[in-house]
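What follows is a single structure, written as structure tokens, with notes after it.
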Amino acid sequence: MTTTAATPTELTLGKALNAGLRRAVAEDDRVVLLGEDIGKLGGVFRVTDGLLDDFGPRRIVDTPLAESGIIGTAIGLAFRGFRPVCEIQFDGFIYPGFDQIVAQVAKLHYRTGGAVTMPITIRVPFGGGIGAVEHHSESPEAYFAHTAGLRVVSCSNPQDAYDLIRLAIASDDPVLFFEPKRRYWAKGPVDQALANPLPLESARVVREGTDVTLVTYGPLVMTALDAAIAASDDGVSIEVIDLRSLSPIDHATIEESVRKTGRLVVTHEAAQSGGLGAEITASVTERCFDFLEAAPARVTGFDVPYPAASLEDHFLPDLDRILDAVDRVLGRRNSLTGWSAAK
Amino acid sequence: MNTPRAATPSGAAHGQHLLTQMLRVRRLEEKCVELYSAAKIRGFLHVYIGEEAVAAGIMATLDPEDAVVATYREHGHALLKGVSAGSILAEMYGFQQGCCRGRGGSMHLFDAATRFYGGNAIVAGGLPLAIGLALADKMAGRSRVTVCFFGEGAAAEGEFHESLNLAALWQLPVLFCCENNLYAMGTALSRSESQTDLAVKAAAYEIPAWPVDGMDVLAVEEAARRAVDAVRGGGGPHFLELRTYRFRAHSMYDPERYRDKAEVARWIERDPIDLLRATLEGAGRLSEAEWAKMQRDVDAEVSAAVEFAEAGSVEPVDELLRFVYSEIRSP
């Protein structure tokens, strides 16, 4: 269980990440930050604001626009005992670094029979909702969750942002760290002296319920909690699970919930096909088929390239779409049955 | 003149050392071909026969603490950096006695203890790693050199350009060694590059670069010594274009439609081992008896390596799932 030792302070998610990074750099000389505009500018989203001033250019390294070079440099540093933290400026900018991540970072520990570790953290602001466009609003997490050897993590609130970034940096495995960019400015209490934060690979039940299990991560956790509040007004009790670790997945926590509720909805911004929702619904079906009262439902971005800003509200899962899926798994009237259906 | 670090290039012993090193690579590679044909080695196999002067000449100028990053044609580099022939062969057999427990295979030999940071199946994939190794040394204030080998085909990849830029921008202690054997698998340099003078590409990044006769191990060593001394002395990255040739197919079998037999024959006339042997014999620095002994010693090393590999075993199948994640757990 977690224990608290100090009075929490109110921080935005972005500031909480900044505080977590600051502490990691201060506590461990092996931690080095690399990325485009992370030094002088403090990052496009100011997540590394002030770190160059406090720790200097040897620890906070501004790089050219060279994602492959950044990741490869991190590998070489890791060979020599460093714990590099790379910032990829926007989700869509990770694609030029894909080869180094998938062909090298993910495989080196396995390929060398455990001779070297890759304690590299790759921070990626991801997701939509800020009126940006493709390459600046995407959710590429499934590519990496599909790749053995990588850990994939996403934070949804300031406390987790603070704890997870430190756990990611402390991990001897490579971690893809997806930061929900539209929640950078969301505030919440952060206890920086939390002695035993929930481990990196654990999901968290963020709201208990009895009728439907709603699994999500990153930016949609807040949306899912709003949906749960709205549903409770309607007499429906939703249990919300914040996945936190997208790879490996904490199946035990999901399974325990579904055995209780018998119903599962998964929601994420990423497109549906081949996404985390597919993985989770398939796993739940395999593991708890006899406990399911209805087919699991997915609420996701559509299988289209990320749309123009003017259409993004139609692309992103929202309260209404999530509640509609909840109605579907409960056998209530929904968008597929039509509103005049007898039920 | 720069101060020699490894040995005196002009001495008879040193000449014989270089010849021995090339011969060790040649005989090991010939044995690999034989073992591949006997299905002892599986997967892909890219041998270095014909290019030995490059690795031998450059490695002769390095200290044990210097790092090497190589390509998928890297058996010779691993051997000359100090990885034992036995653990190289066992690795190719896929046996746990290999340098990577049999998981890396022919293309991914790796041995951190000898600072051999791997072969790499991805063309140009190793260049950014060399940047990180060199940055680590620079941050720590160590006067070590990272040598990064790659083929001329890598010059068409983006990672080549990112890495040269980073090395020059940050003035890192990297020696880029471009093994120009004229063909990226089956595609001639002139069919893949708008600028075929590779030193010009490096010069565009303000990196001192020059071409070297890659069939002449003494020329390679001399150029490497100049470059390595400059890099070690804080002169920033340097780039050597080593003009060489592979005598055999790209991998074990290829129809070689992309080059004619006369061209191959012309290059074989400049076999790096024959060239140095003739030079040494002509200068009275290699007797017949010494040459015979050298061959016997090398053959014995290769035989012992085969014996070591043959006695190996595959990893237990229940270890298939090991090392996906680290078994070390940070507190």
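Here, A, B, ... name the chains of the structure tokens in the order displayed, residue numbers run from 1 inside each chain, and ligands are numbered from 1 in the same displayed order.
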Chain B residues near chain A within 7 Å, closest pair each, using only C-alpha atoms, as a Markdown table:
| residue | atom | partner | partner_atom | distance |
| --- | --- | --- | --- | --- |
| B:Cys100 | CA | A:Thr112 | CA | 4.5 |
| B:Arg101 | CA | A:Gly113 | CA | 5.5 |
| B:Arg103 | CA | A:Arg111 | CA | 5.2 |
| B:Gly104 | CA | A:Arg111 | CA | 5.1 |
| B:Phe110 | CA | A:Thr112 | CA | 6.6 |
| B:Pro128 | CA | A:Gly72 | CA | 4.3 |
| B:Leu129 | CA | A:Gly76 | CA | 4.4 |
| B:Ala130 | CA | A:Gly76 | CA | 6.1 |
| B:Ile131 | CA | A:Thr73 | CA | 5.3 |
| B:Gly132 | CA | A:Thr73 | CA | 3.7 |
| B:Leu133 | CA | A:Gly76 | CA | 4.3 |
| B:Ala136 | CA | A:Leu77 | CA | 5.5 |
| B:Met139 | CA | A:Arg58 | CA | 6.9 |
| B:Glu159 | CA | A:Ser68 | CA | 6.5 |
| B:Glu162 | CA | A:Gly69 | CA | 5.7 |
| B:Ser163 | CA | A:Gly69 | CA | 6.1 |
| B:Phe323 | CA | A:Tyr110 | CA | 4.8 |
| B:Val324 | CA | A:Gly149 | CA | 4.8 |
| B:Tyr325 | CA | A:Gly149 | CA | 5.7 |
| B:Ser326 | CA | A:Asp173 | CA | 5.9 |
| B:Ile328 | CA | A:Asp172 | CA | 7.0 |
| B:Ser330 | CA | A:Ser171 | CA | 6.1 |
With N, CA, C and O atoms retained, could you export that selection as a tab-separated table (two decimals), in the first residue's frame?
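So part.tsv came out as:
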chain	number	residue	atom	x	y	z
B	100	CYS	N	27.08	-14.28	-27.17
B	100	CYS	CA	25.74	-13.77	-26.81
B	100	CYS	C	24.78	-14.94	-26.51
B	100	CYS	O	23.59	-14.86	-26.81
B	101	ARG	N	25.31	-16.00	-25.97
B	101	ARG	CA	24.52	-17.19	-25.64
B	101	ARG	C	23.85	-17.80	-26.88
B	101	ARG	O	22.86	-18.50	-26.76
B	103	ARG	N	22.31	-16.10	-29.14
B	103	ARG	CA	21.14	-15.33	-29.54
B	103	ARG	C	21.44	-14.30	-30.62
B	103	ARG	O	20.57	-13.88	-31.36
B	104	GLY	N	22.67	-13.87	-30.67
B	104	GLY	CA	23.02	-12.83	-31.63
B	104	GLY	C	23.30	-13.41	-33.01
B	104	GLY	O	22.89	-12.86	-34.01
B	110	PHE	N	28.67	-9.66	-30.07
B	110	PHE	CA	28.69	-8.54	-29.11
B	110	PHE	C	29.49	-8.98	-27.92
B	110	PHE	O	29.34	-10.11	-27.44
B	128	PRO	N	24.57	5.69	-34.98
B	128	PRO	CA	24.14	6.50	-33.84
B	128	PRO	C	24.62	5.94	-32.51
B	128	PRO	O	24.85	6.70	-31.56
B	129	LEU	N	24.81	4.62	-32.42
B	129	LEU	CA	25.30	4.02	-31.18
B	129	LEU	C	26.72	4.51	-30.89
B	129	LEU	O	27.09	4.76	-29.73
B	130	ALA	N	27.51	4.62	-31.96
B	130	ALA	CA	28.89	5.10	-31.80
B	130	ALA	C	28.90	6.52	-31.25
B	130	ALA	O	29.78	6.90	-30.46
B	131	ILE	N	27.92	7.30	-31.65
B	131	ILE	CA	27.82	8.68	-31.15
B	131	ILE	C	27.62	8.68	-29.63
B	131	ILE	O	28.26	9.43	-28.90
B	132	GLY	N	26.75	7.79	-29.17
B	132	GLY	CA	26.50	7.70	-27.73
B	132	GLY	C	27.72	7.23	-26.96
B	132	GLY	O	28.02	7.75	-25.88
B	133	LEU	N	28.41	6.23	-27.51
B	133	LEU	CA	29.63	5.73	-26.84
B	133	LEU	C	30.66	6.85	-26.72
B	133	LEU	O	31.29	7.04	-25.68
B	136	ALA	N	29.64	9.51	-24.23
B	136	ALA	CA	29.89	9.05	-22.86
B	136	ALA	C	31.35	9.28	-22.48
B	136	ALA	O	31.65	9.75	-21.38
B	139	MET	N	31.92	13.03	-22.05
B	139	MET	CA	31.35	13.51	-20.78
B	139	MET	C	32.24	13.14	-19.60
B	139	MET	O	32.36	13.89	-18.64
B	159	GLU	N	20.60	7.75	-41.09
B	159	GLU	CA	21.37	7.63	-39.84
B	159	GLU	C	22.84	8.01	-40.05
B	159	GLU	O	23.50	8.49	-39.14
B	162	GLU	N	22.76	11.88	-39.90
B	162	GLU	CA	22.50	12.35	-38.54
B	162	GLU	C	23.74	12.15	-37.68
B	162	GLU	O	24.11	13.02	-36.87
B	163	SER	N	24.39	11.00	-37.84
B	163	SER	CA	25.52	10.67	-36.97
B	163	SER	C	26.74	11.52	-37.29
B	163	SER	O	27.44	11.97	-36.37
B	323	PHE	N	15.28	-12.67	-20.63
B	323	PHE	CA	15.97	-11.47	-21.13
B	323	PHE	C	15.13	-10.62	-22.09
B	323	PHE	O	15.67	-9.87	-22.89
B	324	VAL	N	13.81	-10.82	-22.03
B	324	VAL	CA	12.94	-9.85	-22.73
B	324	VAL	C	13.00	-8.56	-21.91
B	324	VAL	O	13.24	-7.48	-22.44
B	325	TYR	N	12.81	-8.73	-20.60
B	325	TYR	CA	13.03	-7.63	-19.67
B	325	TYR	C	14.22	-8.00	-18.79
B	325	TYR	O	14.55	-9.17	-18.64
B	326	SER	N	14.80	-6.98	-18.21
B	326	SER	CA	15.95	-7.19	-17.36
B	326	SER	C	15.57	-7.98	-16.12
B	326	SER	O	14.49	-7.82	-15.57
B	328	ILE	N	17.44	-7.73	-13.54
B	328	ILE	CA	17.86	-6.87	-12.43
B	328	ILE	C	16.65	-6.00	-12.10
B	328	ILE	O	16.01	-5.47	-12.98
B	330	SER	N	15.62	-2.62	-10.13
B	330	SER	CA	16.06	-1.47	-9.35
B	330	SER	C	15.17	-1.30	-8.13
B	330	SER	O	13.99	-1.64	-8.18
Taking 6 positions as the minimum chain separation for residues in the same chain, which residues sit within 7 Å of segment 44-60 of chain B when counting only C-alpha atoms? Answer as an MDAnalysis selection string. chainID B and resid 6 18 21:22 25:26 29 72:73 76:77 80:81 106 214:218 220:221 224 242 244:248 250:252 271:272
Take the residues from that selection and write them out as a PDB file, in the first residue's frame, keeping C-alpha atoms.
ATOM      1  CA  ALA B   6      50.496  -0.258 -30.554  1.00  0.00           C
ATOM      2  CA  LEU B  18      49.612  -7.721 -39.108  1.00  0.00           C
ATOM      3  CA  GLN B  21      45.909 -10.948 -37.857  1.00  0.00           C
ATOM      4  CA  MET B  22      44.747 -10.992 -41.459  1.00  0.00           C
ATOM      5  CA  VAL B  25      40.412 -13.613 -40.066  1.00  0.00           C
ATOM      6  CA  ARG B  26      40.856 -15.333 -43.437  1.00  0.00           C
ATOM      7  CA  GLU B  29      36.039 -17.043 -42.436  1.00  0.00           C
ATOM      8  CA  TYR B  72      26.822  -7.621 -40.112  1.00  0.00           C
ATOM      9  CA  ARG B  73      30.132  -8.522 -41.822  1.00  0.00           C
ATOM     10  CA  GLY B  76      36.898 -10.302 -38.269  1.00  0.00           C
ATOM     11  CA  HIS B  77      36.351  -7.113 -36.308  1.00  0.00           C
ATOM     12  CA  LEU B  80      40.683  -8.684 -33.820  1.00  0.00           C
ATOM     13  CA  LYS B  81      39.105  -6.659 -31.016  1.00  0.00           C
ATOM     14  CA  SER B 106      26.611 -14.221 -37.162  1.00  0.00           C
ATOM     15  CA  GLY B 214      42.116  -0.762 -48.219  1.00  0.00           C
ATOM     16  CA  MET B 215      44.028  -3.692 -49.706  1.00  0.00           C
ATOM     17  CA  ASP B 216      47.331  -2.484 -48.264  1.00  0.00           C
ATOM     18  CA  VAL B 217      47.334  -3.105 -44.549  1.00  0.00           C
ATOM     19  CA  LEU B 218      50.374  -0.894 -43.996  1.00  0.00           C
ATOM     20  CA  VAL B 220      45.511   1.357 -43.654  1.00  0.00           C
ATOM     21  CA  GLU B 221      47.497   1.262 -40.453  1.00  0.00           C
ATOM     22  CA  ALA B 224      44.410   4.909 -39.046  1.00  0.00           C
ATOM     23  CA  LEU B 242      38.837   2.375 -47.071  1.00  0.00           C
ATOM     24  CA  THR B 244      38.423  -2.522 -50.512  1.00  0.00           C
ATOM     25  CA  TYR B 245      36.661  -5.459 -52.128  1.00  0.00           C
ATOM     26  CA  ARG B 246      34.898  -8.584 -51.001  1.00  0.00           C
ATOM     27  CA  PHE B 247      36.062 -11.582 -52.923  1.00  0.00           C
ATOM     28  CA  ARG B 248      33.000 -13.703 -52.257  1.00  0.00           C
ATOM     29  CA  HIS B 250      27.413 -10.678 -50.433  1.00  0.00           C
ATOM     30  CA  SER B 251      26.022 -13.495 -48.336  1.00  0.00           C
ATOM     31  CA  MET B 252      26.718 -17.165 -48.826  1.00  0.00           C
ATOM     32  CA  ASP B 271      44.820  -9.945 -52.102  1.00  0.00           C
ATOM     33  CA  PRO B 272      45.854  -8.093 -48.924  1.00  0.00           C
TER      34      PRO B 272
END
Which polymer residues have any atom within 10 Å of an atom of segment 286-300 of chain B, counting only C-alpha atoms, with same-chain residues fewer than 4 positions away left out, as a ChimeraX atom specification? /B:12-13,15-17,19-21,23-28,31,277-282,304-306
Deliver the residues from the most recent selection as a file, using N, CA, C and O atoms, as an mmCIF file, in the first residue's frame.
data_model
loop_
_atom_site.group_PDB
_atom_site.id
_atom_site.type_symbol
_atom_site.label_atom_id
_atom_site.label_comp_id
_atom_site.auth_asym_id
_atom_site.auth_seq_id
_atom_site.Cartn_x
_atom_site.Cartn_y
_atom_site.Cartn_z
ATOM 1 N N ALA B 12 59.973 -5.992 -38.096
ATOM 2 C CA ALA B 12 59.603 -7.271 -38.690
ATOM 3 C C ALA B 12 58.494 -7.933 -37.881
ATOM 4 O O ALA B 12 57.546 -8.494 -38.423
ATOM 5 N N ALA B 13 58.639 -7.853 -36.560
ATOM 6 C CA ALA B 13 57.634 -8.492 -35.706
ATOM 7 C C ALA B 13 56.264 -7.871 -35.937
ATOM 8 O O ALA B 13 55.248 -8.578 -35.990
ATOM 9 N N GLY B 15 55.190 -6.347 -38.681
ATOM 10 C CA GLY B 15 54.709 -6.773 -39.999
ATOM 11 C C GLY B 15 54.112 -8.169 -39.929
ATOM 12 O O GLY B 15 53.037 -8.441 -40.483
ATOM 13 N N GLN B 16 54.825 -9.029 -39.229
ATOM 14 C CA GLN B 16 54.315 -10.399 -39.087
ATOM 15 C C GLN B 16 53.028 -10.431 -38.258
ATOM 16 O O GLN B 16 52.144 -11.249 -38.502
ATOM 17 N N HIS B 17 52.961 -9.537 -37.291
ATOM 18 C CA HIS B 17 51.734 -9.459 -36.480
ATOM 19 C C HIS B 17 50.528 -9.104 -37.367
ATOM 20 O O HIS B 17 49.471 -9.739 -37.278
ATOM 21 N N LEU B 19 50.235 -9.554 -40.527
ATOM 22 C CA LEU B 19 49.973 -10.685 -41.426
ATOM 23 C C LEU B 19 49.208 -11.787 -40.680
ATOM 24 O O LEU B 19 48.235 -12.346 -41.203
ATOM 25 N N THR B 20 49.642 -12.033 -39.474
ATOM 26 C CA THR B 20 48.961 -13.045 -38.654
ATOM 27 C C THR B 20 47.493 -12.659 -38.433
ATOM 28 O O THR B 20 46.591 -13.498 -38.561
ATOM 29 N N GLN B 21 47.282 -11.394 -38.122
ATOM 30 C CA GLN B 21 45.909 -10.948 -37.857
ATOM 31 C C GLN B 21 45.017 -11.147 -39.083
ATOM 32 O O GLN B 21 43.885 -11.607 -38.975
ATOM 33 N N LEU B 23 45.533 -13.248 -41.478
ATOM 34 C CA LEU B 23 45.412 -14.684 -41.720
ATOM 35 C C LEU B 23 44.395 -15.320 -40.765
ATOM 36 O O LEU B 23 43.629 -16.211 -41.149
ATOM 37 N N ARG B 24 44.390 -14.845 -39.517
ATOM 38 C CA ARG B 24 43.412 -15.364 -38.548
ATOM 39 C C ARG B 24 41.987 -15.121 -39.049
ATOM 40 O O ARG B 24 41.124 -15.988 -38.962
ATOM 41 N N VAL B 25 41.755 -13.925 -39.565
ATOM 42 C CA VAL B 25 40.412 -13.613 -40.066
ATOM 43 C C VAL B 25 40.105 -14.496 -41.290
ATOM 44 O O VAL B 25 39.035 -15.106 -41.379
ATOM 45 N N ARG B 26 41.071 -14.561 -42.198
ATOM 46 C CA ARG B 26 40.856 -15.333 -43.437
ATOM 47 C C ARG B 26 40.511 -16.797 -43.133
ATOM 48 O O ARG B 26 39.541 -17.347 -43.655
ATOM 49 N N ARG B 27 41.319 -17.399 -42.279
ATOM 50 C CA ARG B 27 41.107 -18.833 -41.996
ATOM 51 C C ARG B 27 39.805 -19.065 -41.233
ATOM 52 O O ARG B 27 39.110 -20.049 -41.457
ATOM 53 N N LEU B 28 39.490 -18.154 -40.332
ATOM 54 C CA LEU B 28 38.223 -18.294 -39.594
ATOM 55 C C LEU B 28 37.047 -18.193 -40.573
ATOM 56 O O LEU B 28 36.104 -18.982 -40.509
ATOM 57 N N LYS B 31 36.662 -21.218 -42.655
ATOM 58 C CA LYS B 31 36.059 -22.286 -41.854
ATOM 59 C C LYS B 31 34.553 -22.061 -41.711
ATOM 60 O O LYS B 31 33.757 -23.004 -41.780
ATOM 61 N N ARG B 277 52.554 -10.290 -47.498
ATOM 62 C CA ARG B 277 53.524 -11.395 -47.447
ATOM 63 C C ARG B 277 54.670 -11.118 -48.424
ATOM 64 O O ARG B 277 55.845 -11.262 -48.067
ATOM 65 N N ALA B 278 54.333 -10.682 -49.618
ATOM 66 C CA ALA B 278 55.359 -10.391 -50.621
ATOM 67 C C ALA B 278 56.265 -9.256 -50.146
ATOM 68 O O ALA B 278 57.495 -9.302 -50.307
ATOM 69 N N THR B 279 55.663 -8.241 -49.548
ATOM 70 C CA THR B 279 56.448 -7.111 -49.036
ATOM 71 C C THR B 279 57.431 -7.574 -47.958
ATOM 72 O O THR B 279 58.609 -7.220 -47.983
ATOM 73 N N LEU B 280 56.905 -8.359 -47.037
ATOM 74 C CA LEU B 280 57.762 -8.813 -45.938
ATOM 75 C C LEU B 280 58.860 -9.739 -46.446
ATOM 76 O O LEU B 280 60.021 -9.617 -46.039
ATOM 77 N N GLU B 281 58.498 -10.636 -47.331
ATOM 78 C CA GLU B 281 59.502 -11.563 -47.867
ATOM 79 C C GLU B 281 60.558 -10.799 -48.665
ATOM 80 O O GLU B 281 61.752 -11.059 -48.536
ATOM 81 N N GLY B 282 60.086 -9.833 -49.443
ATOM 82 C CA GLY B 282 60.999 -9.033 -50.247
ATOM 83 C C GLY B 282 61.981 -8.258 -49.394
ATOM 84 O O GLY B 282 63.121 -8.015 -49.786
ATOM 85 N N ALA B 304 40.917 -25.306 -32.765
ATOM 86 C CA ALA B 304 40.503 -25.285 -31.354
ATOM 87 C C ALA B 304 39.145 -24.602 -31.209
ATOM 88 O O ALA B 304 38.312 -25.016 -30.393
ATOM 89 N N ALA B 305 38.938 -23.569 -32.024
ATOM 90 C CA ALA B 305 37.652 -22.860 -31.973
ATOM 91 C C ALA B 305 36.519 -23.780 -32.425
ATOM 92 O O ALA B 305 35.434 -23.789 -31.830
ATOM 93 N N VAL B 306 36.777 -24.545 -33.474
ATOM 94 C CA VAL B 306 35.751 -25.476 -33.962
ATOM 95 C C VAL B 306 35.448 -26.511 -32.880
ATOM 96 O O VAL B 306 34.289 -26.822 -32.603
#
Name the residues of segment 50-294 of chain A that come out as strand (DSSP E) in a backbone DSSP run; write them as an MDAnalysis selection string. chainID A and resid 60:62 83:87 121:126 151:154 175:180 187:190 204:207 212:216 238:242 245:247 264:271
If you count only C-alpha atoms, which residues fall within 10 Å of segment 237-240 of chain A, apart from same-chain ones fewer than 3 positions away, as number ranges by chain? A: 204-217, 221-222, 224-225, 227-234, 243, 254, 257-258, 260-261, 263-266, 326
Between atom CA of Thr196 of chain B and atom CA of Ala167 of chain B - distance in Å to one decimal: 21.6 Å
Between atom CA of Asp63 of chain B and atom CA of Leu135 of chain B, what is the distance, to one decimal in Å? 17.9 Å
Test item: residues at most 12 Å from segment 311-320 of chain A, only C-alpha atoms, excluding those fewer than 5 positions along its chain, as a PDB file with C-alpha atoms, in the first residue's frame:
ATOM      1  CA  GLY A 127      -2.883  12.278 -28.113  1.00  0.00           C
ATOM      2  CA  GLY A 128      -5.227  14.930 -29.418  1.00  0.00           C
ATOM      3  CA  GLY A 129      -7.595  17.466 -28.005  1.00  0.00           C
ATOM      4  CA  ILE A 130      -5.482  20.574 -28.355  1.00  0.00           C
ATOM      5  CA  GLY A 131      -6.614  21.556 -31.838  1.00  0.00           C
ATOM      6  CA  ALA A 132      -3.417  20.390 -33.441  1.00  0.00           C
ATOM      7  CA  VAL A 133      -3.176  18.156 -36.488  1.00  0.00           C
ATOM      8  CA  GLU A 134      -1.694  14.848 -37.587  1.00  0.00           C
ATOM      9  CA  SER A 137      -2.132  14.603 -32.016  1.00  0.00           C
ATOM     10  CA  GLU A 138      -1.470  10.946 -32.636  1.00  0.00           C
ATOM     11  CA  SER A 139      -1.495   7.940 -30.348  1.00  0.00           C
ATOM     12  CA  THR A 216      -8.542   3.261 -20.283  1.00  0.00           C
ATOM     13  CA  PRO A 219      -5.881  11.401 -21.484  1.00  0.00           C
ATOM     14  CA  LEU A 220      -9.155   9.455 -21.374  1.00  0.00           C
ATOM     15  CA  VAL A 221      -8.945   8.503 -17.705  1.00  0.00           C
ATOM     16  CA  MET A 222     -10.414  11.896 -16.817  1.00  0.00           C
ATOM     17  CA  THR A 223     -13.127  11.424 -19.452  1.00  0.00           C
ATOM     18  CA  ALA A 224     -13.878   7.943 -18.129  1.00  0.00           C
ATOM     19  CA  LEU A 225     -14.241   9.289 -14.589  1.00  0.00           C
ATOM     20  CA  ASP A 226     -16.643  11.942 -15.868  1.00  0.00           C
ATOM     21  CA  ALA A 227     -18.607   9.176 -17.620  1.00  0.00           C
ATOM     22  CA  ALA A 228     -18.740   7.172 -14.401  1.00  0.00           C
ATOM     23  CA  ILE A 229     -20.155  10.162 -12.519  1.00  0.00           C
ATOM     24  CA  ALA A 230     -22.737  10.757 -15.247  1.00  0.00           C
ATOM     25  CA  ALA A 231     -23.704   7.056 -15.277  1.00  0.00           C
ATOM     26  CA  VAL A 266     -12.234  -0.232 -23.310  1.00  0.00           C
ATOM     27  CA  THR A 267     -11.588   3.250 -24.597  1.00  0.00           C
ATOM     28  CA  HIS A 268      -8.568   4.949 -26.146  1.00  0.00           C
ATOM     29  CA  GLU A 269      -7.868   7.718 -28.643  1.00  0.00           C
ATOM     30  CA  ALA A 270      -5.803   5.509 -30.932  1.00  0.00           C
ATOM     31  CA  ALA A 271      -7.500   3.890 -33.908  1.00  0.00           C
ATOM     32  CA  GLN A 272      -9.367   0.674 -33.238  1.00  0.00           C
ATOM     33  CA  ARG A 298     -14.403  -0.687 -27.689  1.00  0.00           C
ATOM     34  CA  VAL A 299     -14.678   3.094 -27.947  1.00  0.00           C
ATOM     35  CA  THR A 300     -11.743   4.374 -29.950  1.00  0.00           C
ATOM     36  CA  GLY A 301     -10.538   6.770 -32.561  1.00  0.00           C
ATOM     37  CA  PHE A 302     -11.694   5.713 -36.007  1.00  0.00           C
ATOM     38  CA  ASP A 303      -9.531   3.818 -38.472  1.00  0.00           C
ATOM     39  CA  VAL A 304      -8.524   6.975 -40.313  1.00  0.00           C
ATOM     40  CA  PRO A 305      -5.407   9.128 -40.280  1.00  0.00           C
ATOM     41  CA  TYR A 306      -5.696  11.785 -37.573  1.00  0.00           C
ATOM     42  CA  ALA A 325     -20.934   1.707 -25.158  1.00  0.00           C
ATOM     43  CA  VAL A 326     -21.849   1.265 -21.499  1.00  0.00           C
ATOM     44  CA  ASP A 327     -25.495   1.076 -22.559  1.00  0.00           C
ATOM     45  CA  ASN A 334     -28.180   2.659 -27.497  1.00  0.00           C
ATOM     46  CA  SER A 335     -27.107   4.096 -30.817  1.00  0.00           C
TER      47      SER A 335
END
